[in-house]
>>> print(open('final12.csv').read())   # CSV, N, CA, C and O atoms
chain,number,residue,atom,x,y,z
F,1,MET,N,-13.8,74.5,-14.6
F,1,MET,CA,-13.6,76.0,-14.9
F,1,MET,C,-13.3,76.6,-13.5
F,1,MET,O,-14.1,76.3,-12.6
F,2,ARG,N,-12.3,77.4,-13.4
F,2,ARG,CA,-12.0,78.1,-12.2
F,2,ARG,C,-12.1,79.6,-12.4
F,2,ARG,O,-11.6,80.1,-13.4
F,3,GLU,N,-12.9,80.2,-11.5
F,3,GLU,CA,-13.1,81.7,-11.6
F,3,GLU,C,-12.5,82.3,-10.3
F,3,GLU,O,-12.9,81.9,-9.2
F,4,TYR,N,-11.6,83.2,-10.5
F,4,TYR,CA,-11.0,83.8,-9.3
F,4,TYR,C,-11.2,85.3,-9.4
F,4,TYR,O,-11.1,86.0,-10.4
F,5,THR,N,-11.4,85.9,-8.2
F,5,THR,CA,-11.3,87.4,-8.0
F,5,THR,C,-9.9,87.6,-7.4
F,5,THR,O,-9.6,87.1,-6.3
F,6,VAL,N,-9.1,88.3,-8.2
F,6,VAL,CA,-7.7,88.6,-7.7
F,6,VAL,C,-7.8,89.9,-6.9
F,6,VAL,O,-8.6,90.8,-7.2
F,7,ARG,N,-7.0,90.0,-5.9
F,7,ARG,CA,-6.9,91.2,-5.0
F,7,ARG,C,-6.5,92.4,-5.9
F,7,ARG,O,-5.7,92.3,-6.8
F,8,PRO,N,-7.2,93.5,-5.7
F,8,PRO,CA,-6.9,94.7,-6.5
F,8,PRO,C,-5.4,95.0,-6.5
F,8,PRO,O,-4.7,95.0,-5.5
F,9,GLY,N,-5.0,95.3,-7.8
F,9,GLY,CA,-3.6,95.6,-8.0
F,9,GLY,C,-2.6,94.5,-8.0
F,9,GLY,O,-1.4,94.7,-8.2
F,10,GLU,N,-3.1,93.2,-7.9
F,10,GLU,CA,-2.2,92.1,-7.8
F,10,GLU,C,-2.3,91.2,-9.1
F,10,GLU,O,-1.7,90.1,-9.1
F,11,MET,N,-3.0,91.6,-10.1
F,11,MET,CA,-3.2,90.7,-11.2
F,11,MET,C,-1.9,90.3,-11.9
F,11,MET,O,-1.7,89.1,-12.2
F,12,SER,N,-1.0,91.2,-12.2
F,12,SER,CA,0.2,90.9,-12.9
F,12,SER,C,1.1,89.9,-12.0
F,12,SER,O,1.6,89.0,-12.6
F,13,GLU,N,1.1,90.1,-10.7
F,13,GLU,CA,1.9,89.2,-9.9
F,13,GLU,C,1.2,87.8,-9.9
F,13,GLU,O,1.9,86.8,-9.9
F,14,TRP,N,-0.1,87.8,-9.8
F,14,TRP,CA,-0.8,86.5,-9.8
F,14,TRP,C,-0.5,85.8,-11.1
F,14,TRP,O,-0.2,84.6,-11.1
F,15,ILE,N,-0.7,86.4,-12.3
F,15,ILE,CA,-0.4,85.8,-13.6
F,15,ILE,C,1.0,85.3,-13.7
F,15,ILE,O,1.2,84.1,-14.1
F,16,GLU,N,1.9,86.0,-13.2
F,16,GLU,CA,3.4,85.6,-13.3
F,16,GLU,C,3.6,84.4,-12.4
F,16,GLU,O,4.2,83.4,-12.9
F,17,GLU,N,3.1,84.3,-11.2
F,17,GLU,CA,3.2,83.2,-10.3
F,17,GLU,C,2.4,82.0,-10.8
F,17,GLU,O,2.9,80.8,-10.7
F,18,TRP,N,1.2,82.2,-11.4
F,18,TRP,CA,0.4,81.2,-11.9
F,18,TRP,C,1.1,80.5,-13.1
F,18,TRP,O,1.2,79.3,-13.1
F,19,ARG,N,1.7,81.3,-14.0
F,19,ARG,CA,2.4,80.7,-15.1
F,19,ARG,C,3.7,80.0,-14.7
F,19,ARG,O,4.0,78.9,-15.2
F,20,ALA,N,4.4,80.5,-13.7
F,20,ALA,CA,5.7,80.0,-13.3
F,20,ALA,C,5.5,78.7,-12.4
F,20,ALA,O,6.4,77.8,-12.4
F,21,HIS,N,4.5,78.7,-11.6
F,21,HIS,CA,4.4,77.6,-10.6
F,21,HIS,C,3.2,76.7,-10.8
F,21,HIS,O,3.3,75.5,-10.8
F,22,ILE,N,2.0,77.3,-10.9
F,22,ILE,CA,0.7,76.5,-10.9
F,22,ILE,C,0.6,75.7,-12.2
F,22,ILE,O,0.4,74.5,-12.1
F,23,VAL,N,0.8,76.3,-13.3
F,23,VAL,CA,0.7,75.6,-14.6
F,23,VAL,C,1.6,74.4,-14.7
F,23,VAL,O,1.2,73.3,-14.9
F,24,PRO,N,2.9,74.6,-14.4
F,24,PRO,CA,3.8,73.4,-14.5
F,24,PRO,C,3.4,72.3,-13.5
F,24,PRO,O,3.5,71.1,-13.9
F,25,LEU,N,3.0,72.7,-12.3
F,25,LEU,CA,2.6,71.6,-11.3
F,25,LEU,C,1.4,70.9,-11.8
F,25,LEU,O,1.3,69.7,-11.6
F,26,ARG,N,0.4,71.7,-12.3
F,26,ARG,CA,-0.8,71.0,-12.8
F,26,ARG,C,-0.5,70.1,-13.9
F,26,ARG,O,-1.0,68.9,-14.0
F,27,GLU,N,0.3,70.5,-14.8
F,27,GLU,CA,0.7,69.6,-16.0
F,27,GLU,C,1.5,68.4,-15.5
F,27,GLU,O,1.2,67.3,-16.0
F,28,LYS,N,2.3,68.6,-14.5
F,28,LYS,CA,3.1,67.4,-14.0
F,28,LYS,C,2.1,66.4,-13.4
F,28,LYS,O,2.4,65.2,-13.4
F,29,ALA,N,1.0,66.9,-12.8
F,29,ALA,CA,0.0,66.0,-12.2
F,29,ALA,C,-1.0,65.4,-13.2
F,29,ALA,O,-1.9,64.8,-12.8
F,30,GLY,N,-0.8,65.7,-14.5
F,30,GLY,CA,-1.6,65.1,-15.5
F,30,GLY,C,-2.8,66.0,-16.0
F,30,GLY,O,-3.6,65.5,-16.8
F,31,PHE,N,-2.8,67.2,-15.5
F,31,PHE,CA,-3.9,68.1,-16.0
F,31,PHE,C,-3.4,68.9,-17.2
F,31,PHE,O,-2.2,69.0,-17.5
F,32,ARG,N,-4.3,69.4,-18.0
F,32,ARG,CA,-4.0,70.2,-19.2
F,32,ARG,C,-4.7,71.6,-19.0
F,32,ARG,O,-5.9,71.6,-18.7
F,33,VAL,N,-4.0,72.7,-19.2
F,33,VAL,CA,-4.6,74.0,-19.1
F,33,VAL,C,-5.1,74.2,-20.5
F,33,VAL,O,-4.4,74.3,-21.5
F,34,LEU,N,-6.4,74.4,-20.6
F,34,LEU,CA,-7.1,74.6,-21.9
F,34,LEU,C,-7.3,76.0,-22.3
F,34,LEU,O,-7.5,76.3,-23.5
F,35,GLY,N,-7.1,76.9,-21.3
F,35,GLY,CA,-7.2,78.3,-21.6
F,35,GLY,C,-7.3,79.1,-20.4
F,35,GLY,O,-7.7,78.6,-19.3
F,36,ALA,N,-6.9,80.4,-20.4
F,36,ALA,CA,-7.0,81.3,-19.3
F,36,ALA,C,-7.3,82.7,-19.8
F,36,ALA,O,-6.8,83.1,-20.9
F,37,TRP,N,-8.1,83.5,-19.1
F,37,TRP,CA,-8.5,84.8,-19.5
F,37,TRP,C,-8.6,85.7,-18.3
F,37,TRP,O,-8.9,85.3,-17.2
F,38,THR,N,-8.4,87.0,-18.6
F,38,THR,CA,-8.8,88.0,-17.6
F,38,THR,C,-10.1,88.7,-18.2
F,38,THR,O,-10.3,88.7,-19.4
F,39,VAL,N,-10.9,89.2,-17.3
F,39,VAL,CA,-12.1,89.9,-17.7
F,39,VAL,C,-11.9,91.4,-17.7
F,39,VAL,O,-11.6,91.9,-16.6
F,40,ASP,N,-11.9,92.0,-18.9
F,40,ASP,CA,-11.6,93.4,-19.0
F,40,ASP,C,-12.3,94.3,-18.0
F,40,ASP,O,-13.5,94.1,-17.8
F,41,GLY,N,-11.6,95.2,-17.4
F,41,GLY,CA,-12.2,96.1,-16.5
F,41,GLY,C,-12.6,95.6,-15.1
F,41,GLY,O,-13.2,96.2,-14.3
F,42,THR,N,-12.1,94.3,-14.8
F,42,THR,CA,-12.4,93.7,-13.5
F,42,THR,C,-11.1,93.1,-12.9
F,42,THR,O,-10.1,93.1,-13.6
F,43,ASP,N,-11.2,92.5,-11.8
F,43,ASP,CA,-10.2,91.7,-11.2
F,43,ASP,C,-10.4,90.3,-11.3
F,43,ASP,O,-9.9,89.5,-10.5
F,44,GLN,N,-11.1,89.9,-12.4
F,44,GLN,CA,-11.5,88.5,-12.6
F,44,GLN,C,-10.5,87.8,-13.5
F,44,GLN,O,-10.0,88.3,-14.5
F,45,PHE,N,-10.2,86.5,-13.1
F,45,PHE,CA,-9.3,85.6,-13.8
F,45,PHE,C,-10.0,84.3,-14.0
F,45,PHE,O,-10.5,83.8,-13.0
F,46,VAL,N,-10.2,83.8,-15.2
F,46,VAL,CA,-10.9,82.6,-15.4
F,46,VAL,C,-10.0,81.6,-16.2
F,46,VAL,O,-9.3,82.0,-17.1
F,47,TRP,N,-9.9,80.4,-15.8
F,47,TRP,CA,-9.2,79.4,-16.5
F,47,TRP,C,-9.9,78.1,-16.5
F,47,TRP,O,-10.7,77.8,-15.7
F,48,ILE,N,-9.6,77.3,-17.6
F,48,ILE,CA,-10.2,76.0,-17.7
F,48,ILE,C,-9.1,75.0,-17.8
F,48,ILE,O,-8.1,75.1,-18.5
F,49,ILE,N,-9.2,73.9,-17.0
F,49,ILE,CA,-8.3,72.8,-17.0
F,49,ILE,C,-9.0,71.5,-17.2
F,49,ILE,O,-10.2,71.4,-16.8
F,50,GLY,N,-8.3,70.6,-17.8
F,50,GLY,CA,-8.9,69.3,-18.1
F,50,GLY,C,-8.1,68.2,-17.5
F,50,GLY,O,-6.9,68.4,-17.2
F,51,TYR,N,-8.7,67.1,-17.3
F,51,TYR,CA,-8.0,65.9,-16.8
F,51,TYR,C,-8.7,64.7,-17.4
F,51,TYR,O,-9.9,64.5,-17.2
F,52,ASP,N,-7.9,63.8,-18.0
F,52,ASP,CA,-8.4,62.6,-18.6
F,52,ASP,C,-7.6,61.4,-18.1
F,52,ASP,O,-7.6,60.3,-18.8
F,53,GLY,N,-7.0,61.5,-16.9
F,53,GLY,CA,-6.2,60.4,-16.4
F,53,GLY,C,-7.0,59.3,-15.8
F,53,GLY,O,-8.2,59.3,-15.8
F,54,PRO,N,-6.3,58.3,-15.2
F,54,PRO,CA,-6.9,57.1,-14.7
F,54,PRO,C,-7.7,57.3,-13.4
F,54,PRO,O,-8.6,56.5,-13.1
F,55,ARG,N,-7.4,58.4,-12.7
F,55,ARG,CA,-8.1,58.6,-11.4
F,55,ARG,C,-9.3,59.5,-11.7
F,55,ARG,O,-9.4,60.2,-12.7
F,56,SER,N,-10.2,59.7,-10.7
F,56,SER,CA,-11.3,60.6,-10.8
F,56,SER,C,-10.7,62.0,-10.7
F,56,SER,O,-9.6,62.2,-10.2
F,57,TRP,N,-11.5,63.0,-11.2
F,57,TRP,CA,-11.1,64.4,-11.0
F,57,TRP,C,-10.8,64.7,-9.6
F,57,TRP,O,-9.7,65.3,-9.3
F,58,ASP,N,-11.7,64.4,-8.7
F,58,ASP,CA,-11.5,64.7,-7.3
F,58,ASP,C,-10.2,64.0,-6.7
F,58,ASP,O,-9.5,64.7,-6.0
F,59,GLN,N,-9.9,62.8,-7.1
F,59,GLN,CA,-8.7,62.1,-6.6
F,59,GLN,C,-7.5,62.8,-7.1
F,59,GLN,O,-6.5,63.1,-6.4
F,60,ALA,N,-7.5,63.1,-8.4
F,60,ALA,CA,-6.3,63.8,-9.0
F,60,ALA,C,-6.1,65.2,-8.4
F,60,ALA,O,-5.0,65.6,-8.2
F,61,ASN,N,-7.2,65.9,-8.2
F,61,ASN,CA,-7.1,67.2,-7.6
F,61,ASN,C,-6.6,67.2,-6.2
F,61,ASN,O,-5.7,68.0,-5.8
F,62,ASP,N,-7.1,66.2,-5.4
F,62,ASP,CA,-6.6,66.0,-4.1
F,62,ASP,C,-5.1,65.7,-4.1
F,62,ASP,O,-4.3,66.2,-3.2
F,63,ASP,N,-4.7,64.8,-5.0
F,63,ASP,CA,-3.3,64.5,-5.1
F,63,ASP,C,-2.4,65.7,-5.4
F,63,ASP,O,-1.3,65.9,-4.9
F,64,TYR,N,-2.9,66.5,-6.3
F,64,TYR,CA,-2.2,67.7,-6.7
F,64,TYR,C,-2.0,68.6,-5.5
F,64,TYR,O,-0.9,69.1,-5.2
F,65,TYR,N,-3.0,68.9,-4.7
F,65,TYR,CA,-2.9,69.8,-3.5
F,65,TYR,C,-2.1,69.1,-2.4
F,65,TYR,O,-1.4,69.8,-1.6
F,66,ALA,N,-2.0,67.8,-2.4
F,66,ALA,CA,-1.3,67.1,-1.3
F,66,ALA,C,0.2,66.9,-1.7
F,66,ALA,O,1.0,66.4,-0.9
F,67,SER,N,0.5,67.2,-3.0
F,67,SER,CA,1.9,66.9,-3.5
F,67,SER,C,2.9,67.8,-2.7
F,67,SER,O,2.6,68.9,-2.3
F,68,PRO,N,4.1,67.2,-2.5
F,68,PRO,CA,5.1,68.0,-1.8
F,68,PRO,C,5.5,69.3,-2.5
F,68,PRO,O,5.7,70.3,-1.9
F,69,GLU,N,5.4,69.2,-3.9
F,69,GLU,CA,5.8,70.4,-4.7
F,69,GLU,C,4.8,71.5,-4.5
F,69,GLU,O,5.1,72.7,-4.3
F,70,ARG,N,3.5,71.2,-4.4
F,70,ARG,CA,2.4,72.2,-4.2
F,70,ARG,C,2.5,72.7,-2.8
F,70,ARG,O,2.4,74.0,-2.6
F,71,LYS,N,2.7,71.9,-1.8
F,71,LYS,CA,2.8,72.3,-0.5
F,71,LYS,C,4.0,73.2,-0.2
F,71,LYS,O,4.0,74.0,0.7
F,72,ALA,N,5.1,73.0,-1.0
F,72,ALA,CA,6.3,73.7,-0.9
F,72,ALA,C,6.3,75.1,-1.5
F,72,ALA,O,7.2,75.9,-1.2
F,73,LEU,N,5.2,75.5,-2.2
F,73,LEU,CA,5.2,76.8,-2.8
F,73,LEU,C,5.1,77.9,-1.7
F,73,LEU,O,4.1,77.9,-0.9
F,74,ASP,N,6.1,78.7,-1.6
F,74,ASP,CA,6.2,79.7,-0.5
F,74,ASP,C,6.9,80.9,-1.1
F,74,ASP,O,8.0,80.8,-1.4
F,75,PRO,N,6.1,82.0,-1.2
F,75,PRO,CA,4.8,82.2,-0.8
F,75,PRO,C,3.8,81.5,-1.7
F,75,PRO,O,4.1,81.3,-2.9
F,76,ASP,N,2.6,81.1,-1.2
F,76,ASP,CA,1.6,80.5,-2.0
F,76,ASP,C,1.0,81.5,-2.9
F,76,ASP,O,0.5,82.6,-2.5
F,77,PRO,N,1.0,81.2,-4.2
F,77,PRO,CA,0.3,82.2,-5.2
F,77,PRO,C,-1.1,82.5,-4.8
F,77,PRO,O,-1.6,83.6,-5.2
F,78,ALA,N,-1.8,81.6,-4.2
F,78,ALA,CA,-3.2,81.8,-3.8
F,78,ALA,C,-3.4,83.0,-2.9
F,78,ALA,O,-4.5,83.5,-2.7
F,79,ARG,N,-2.3,83.6,-2.3
F,79,ARG,CA,-2.4,84.7,-1.5
F,79,ARG,C,-2.9,85.9,-2.3
F,79,ARG,O,-3.4,86.9,-1.7
F,80,HIS,N,-2.8,85.9,-3.6
F,80,HIS,CA,-3.3,87.0,-4.4
F,80,HIS,C,-4.8,86.9,-4.7
F,80,HIS,O,-5.4,87.8,-5.3
F,81,LEU,N,-5.5,85.9,-4.2
F,81,LEU,CA,-6.9,85.7,-4.6
F,81,LEU,C,-7.8,86.1,-3.4
F,81,LEU,O,-7.6,85.7,-2.3
F,82,ALA,N,-8.8,86.9,-3.8
F,82,ALA,CA,-9.8,87.3,-2.8
F,82,ALA,C,-10.9,86.3,-2.7
F,82,ALA,O,-11.6,86.2,-1.7
F,83,HIS,N,-11.2,85.7,-3.8
F,83,HIS,CA,-12.4,84.7,-3.9
F,83,HIS,C,-12.1,83.7,-5.0
F,83,HIS,O,-11.5,84.0,-6.0
F,84,GLN,N,-12.5,82.5,-4.8
F,84,GLN,CA,-12.4,81.4,-5.7
F,84,GLN,C,-13.7,80.6,-5.9
F,84,GLN,O,-14.4,80.4,-4.9
F,85,GLU,N,-14.0,80.3,-7.2
F,85,GLU,CA,-15.1,79.4,-7.5
F,85,GLU,C,-14.6,78.4,-8.5
F,85,GLU,O,-13.8,78.7,-9.4
F,86,ALA,N,-15.0,77.1,-8.3
F,86,ALA,CA,-14.7,76.1,-9.3
F,86,ALA,C,-16.0,75.3,-9.7
F,86,ALA,O,-16.8,75.1,-8.9
F,87,ARG,N,-16.0,75.0,-11.0
F,87,ARG,CA,-17.2,74.3,-11.5
F,87,ARG,C,-16.6,73.1,-12.3
F,87,ARG,O,-15.8,73.3,-13.1
F,88,LEU,N,-17.2,71.9,-12.1
F,88,LEU,CA,-16.9,70.8,-13.0
F,88,LEU,C,-17.8,70.9,-14.2
F,88,LEU,O,-19.0,71.0,-14.0
F,89,MET,N,-17.3,70.7,-15.4
F,89,MET,CA,-18.1,70.7,-16.6
F,89,MET,C,-17.9,69.5,-17.4
F,89,MET,O,-16.8,68.9,-17.3
F,90,SER,N,-18.9,69.1,-18.2
F,90,SER,CA,-18.8,68.0,-19.1
F,90,SER,C,-19.1,68.5,-20.5
F,90,SER,O,-19.9,69.3,-20.7
F,91,SER,N,-18.3,67.9,-21.5
F,91,SER,CA,-18.6,68.3,-22.8
F,91,SER,C,-19.9,67.7,-23.3
F,91,SER,O,-20.3,66.7,-22.8
F,92,VAL,N,-20.5,68.3,-24.3
F,92,VAL,CA,-21.7,67.8,-24.9
F,92,VAL,C,-21.6,67.7,-26.4
F,92,VAL,O,-20.7,68.2,-27.0
>>> encode(input="final12.csv", output="structure tokens")
Amino acid sequence: MREYTVRPGEMSEWIEEWRAHIVPLREKAGFRVLGAWTVDGTDQFVWIIGYDGPRSWDQANDDYYASPERKALDPDPARHLAHQEARLMSSV
């Protein structure tokens, strides 16, 4: 689960770039976007991604960030984020 605080006034730009760039690259790397939400009345954006591939989560995530496609994003959509938190979760 990823929880982001988006810079004030930049939510629509963030969502547009996230949909156009981040989601396709994550899916190409073997991840699945399970859902995404904004928190009413705040600058919070929350999304859940899954990975069931042959590598560990950390390896797959490192590969994603090291990929030429991710490195080539310019401007980087993360410029819209004031704060980021990530939590690994397991189903029960």
>>> select_by_dssp(input="final12.csv", residues="chain F", states="alpha helix (DSSP H)", output="MDAnalysis selection string")
chainID F and resid 11:17 23:28 57:66 68:71
>>> atom_distance(input="final12.csv", atom1="atom CA of F:Arg2", atom2="atom CA of F:Arg87")
6.5 Å
>>> residues_around(input="final12.csv", residues="stretch 76-80 of chain F", least_positions_apart="6", cutoff="4.5 Å", atoms="all atoms listed in the file", output="list of chain:residue names")
F:Thr5, F:Val6, F:Arg7
>>> write_last_selection(input="final12.csv", atoms="N, CA, C and O atoms", output="PDB file, in the coordinates of the input")
ATOM      1  N   THR F   5     -11.400  85.900  -8.200  1.00  0.00           N
ATOM      2  CA  THR F   5     -11.300  87.400  -8.000  1.00  0.00           C
ATOM      3  C   THR F   5      -9.900  87.600  -7.400  1.00  0.00           C
ATOM      4  O   THR F   5      -9.600  87.100  -6.300  1.00  0.00           O
ATOM      5  N   VAL F   6      -9.100  88.300  -8.200  1.00  0.00           N
ATOM      6  CA  VAL F   6      -7.700  88.600  -7.700  1.00  0.00           C
ATOM      7  C   VAL F   6      -7.800  89.900  -6.900  1.00  0.00           C
ATOM      8  O   VAL F   6      -8.600  90.800  -7.200  1.00  0.00           O
ATOM      9  N   ARG F   7      -7.000  90.000  -5.900  1.00  0.00           N
ATOM     10  CA  ARG F   7      -6.900  91.200  -5.000  1.00  0.00           C
ATOM     11  C   ARG F   7      -6.500  92.400  -5.900  1.00  0.00           C
ATOM     12  O   ARG F   7      -5.700  92.300  -6.800  1.00  0.00           O
TER      13      ARG F   7
END
>>> atom_distance(input="final12.csv", atom1="atom CA of F:Ala82", atom2="atom O of F:Lys28")
27.4 Å
>>> residues_around(input="final12.csv", residues="stretch 53-66 of chain F", least_positions_apart="6", cutoff="7 Å", atoms="all atoms listed in the file", output="MDAnalysis selection string")
chainID F and resid 25 29:30
>>> write_last_selection(input="final12.csv", atoms="N, CA, C and O atoms", output="short mmCIF file (atom, residue, chain, number, x, y, z; two decimals), in the frame of the given file")
data_model
loop_
_atom_site.label_atom_id
_atom_site.label_comp_id
_atom_site.auth_asym_id
_atom_site.auth_seq_id
_atom_site.Cartn_x
_atom_site.Cartn_y
_atom_site.Cartn_z
N LEU F 25 3.00 72.70 -12.30
CA LEU F 25 2.60 71.60 -11.30
C LEU F 25 1.40 70.90 -11.80
O LEU F 25 1.30 69.70 -11.60
N ALA F 29 1.00 66.90 -12.80
CA ALA F 29 0.00 66.00 -12.20
C ALA F 29 -1.00 65.40 -13.20
O ALA F 29 -1.90 64.80 -12.80
N GLY F 30 -0.80 65.70 -14.50
CA GLY F 30 -1.60 65.10 -15.50
C GLY F 30 -2.80 66.00 -16.00
O GLY F 30 -3.60 65.50 -16.80
#
>>> select_by_dssp(input="final12.csv", residues="chain F", states="strand (DSSP E or B)", output="MDAnalysis selection string")
chainID F and resid 2:6 31:38 44:51 81:86
>>> closest_residue(input="final12.csv", among="F:Met89, F:Pro75, F:Pro8, F:Ile48", to="F:Phe31", atoms="only N, CA, C and O atoms")
F:Ile48
>>> atom_distance(input="final12.csv", atom1="atom N of F:His83", atom2="atom CA of F:Tyr4")
5.8 Å
>>> closest_residue(input="final12.csv", among="F:Arg26, F:Gly9, F:Thr38, F:Met1", to="F:Leu88", atoms="only C-alpha atoms")
F:Met1
>>> residues_near_point(input="final12.csv", point="(-12.4, 65.9, -19.4)", cutoff="8 Å", atoms="only C-alpha atoms", output="PyMOL selection string")
chain F and resi 50-52+89-91
>>> closest_residue(input="final12.csv", among="F:Asp74, F:Glu3, F:Glu69, F:Glu13", to="F:Val46", atoms="all atoms listed in the file")
F:Glu3
>>> closest_residue(input="final12.csv", among="F:Trp37, F:Ile49, F:His21, F:Val92", to="F:Ala72", atoms="only C-alpha atoms")
F:His21
>>> decode(input="final12.csv", residues="stretch 5-67 of chain F", atoms="C-alpha atoms", output="compact mmCIF listing (two decimals), in the first residue's frame")
# COMPACT_ATOMS: atom_id res chain seq x y z
CA THR F 5 0.63 13.46 0.20
CA VAL F 6 0.31 15.37 -3.05
CA ARG F 7 1.50 18.96 -3.19
CA PRO F 8 -1.44 21.35 -2.76
CA GLY F 9 -3.22 22.08 -6.02
CA GLU F 10 -1.40 19.34 -7.96
CA MET F 11 -3.74 16.36 -7.48
CA SER F 12 -5.24 16.41 -10.98
CA GLU F 13 -1.79 16.63 -12.62
CA TRP F 14 -0.51 13.84 -10.37
CA ILE F 15 -3.42 11.53 -11.22
CA GLU F 16 -3.08 12.24 -14.94
CA GLU F 17 0.65 11.45 -14.95
CA TRP F 18 0.22 8.46 -12.62
CA ARG F 19 -2.38 6.94 -14.98
CA ALA F 20 -0.43 7.73 -18.14
CA HIS F 21 3.06 6.74 -16.98
CA ILE F 22 3.32 4.98 -13.62
CA VAL F 23 0.49 2.47 -14.03
CA PRO F 24 1.62 1.19 -17.45
CA LEU F 25 5.25 0.88 -16.32
CA ARG F 26 4.25 -0.94 -13.14
CA GLU F 27 2.10 -3.35 -15.16
CA LYS F 28 4.91 -3.92 -17.65
CA ALA F 29 7.15 -4.83 -14.70
CA GLY F 30 4.65 -7.49 -13.55
CA PHE F 31 2.77 -5.50 -10.91
CA ARG F 32 -1.02 -5.18 -10.69
CA VAL F 33 -2.78 -2.03 -9.57
CA LEU F 34 -5.48 -3.30 -7.22
CA GLY F 35 -7.06 0.09 -6.55
CA ALA F 36 -6.42 3.79 -6.04
CA TRP F 37 -8.25 6.40 -4.00
CA THR F 38 -8.12 10.02 -2.98
CA VAL F 39 -9.12 10.99 0.55
CA ASP F 40 -11.91 13.57 0.45
CA GLY F 41 -10.95 16.98 1.76
CA THR F 42 -7.20 16.23 1.83
CA ASP F 43 -4.21 16.01 -0.49
CA GLN F 44 -3.92 12.26 0.18
CA PHE F 45 -3.65 9.64 -2.56
CA VAL F 46 -3.62 5.94 -1.64
CA TRP F 47 -3.06 3.00 -3.94
CA ILE F 48 -2.53 -0.70 -3.57
CA ILE F 49 -0.34 -2.69 -5.91
CA GLY F 50 0.31 -6.40 -5.97
CA TYR F 51 3.11 -8.57 -7.27
CA ASP F 52 3.08 -12.36 -7.59
CA GLY F 53 6.06 -12.81 -9.88
CA PRO F 54 9.11 -15.03 -9.54
CA ARG F 55 11.29 -12.43 -7.80
CA SER F 56 10.82 -10.98 -4.35
CA TRP F 57 8.86 -7.76 -3.94
CA ASP F 58 12.06 -5.85 -3.18
CA GLN F 59 13.86 -7.24 -6.24
CA ALA F 60 10.93 -6.49 -8.54
CA ASN F 61 10.53 -3.00 -7.08
CA ASP F 62 14.27 -2.29 -7.46
CA ASP F 63 14.10 -3.53 -11.07
CA TYR F 64 11.15 -1.22 -11.72
CA TYR F 65 12.98 1.88 -10.44
CA ALA F 66 16.20 0.87 -12.26
CA SER F 67 14.42 0.30 -15.59
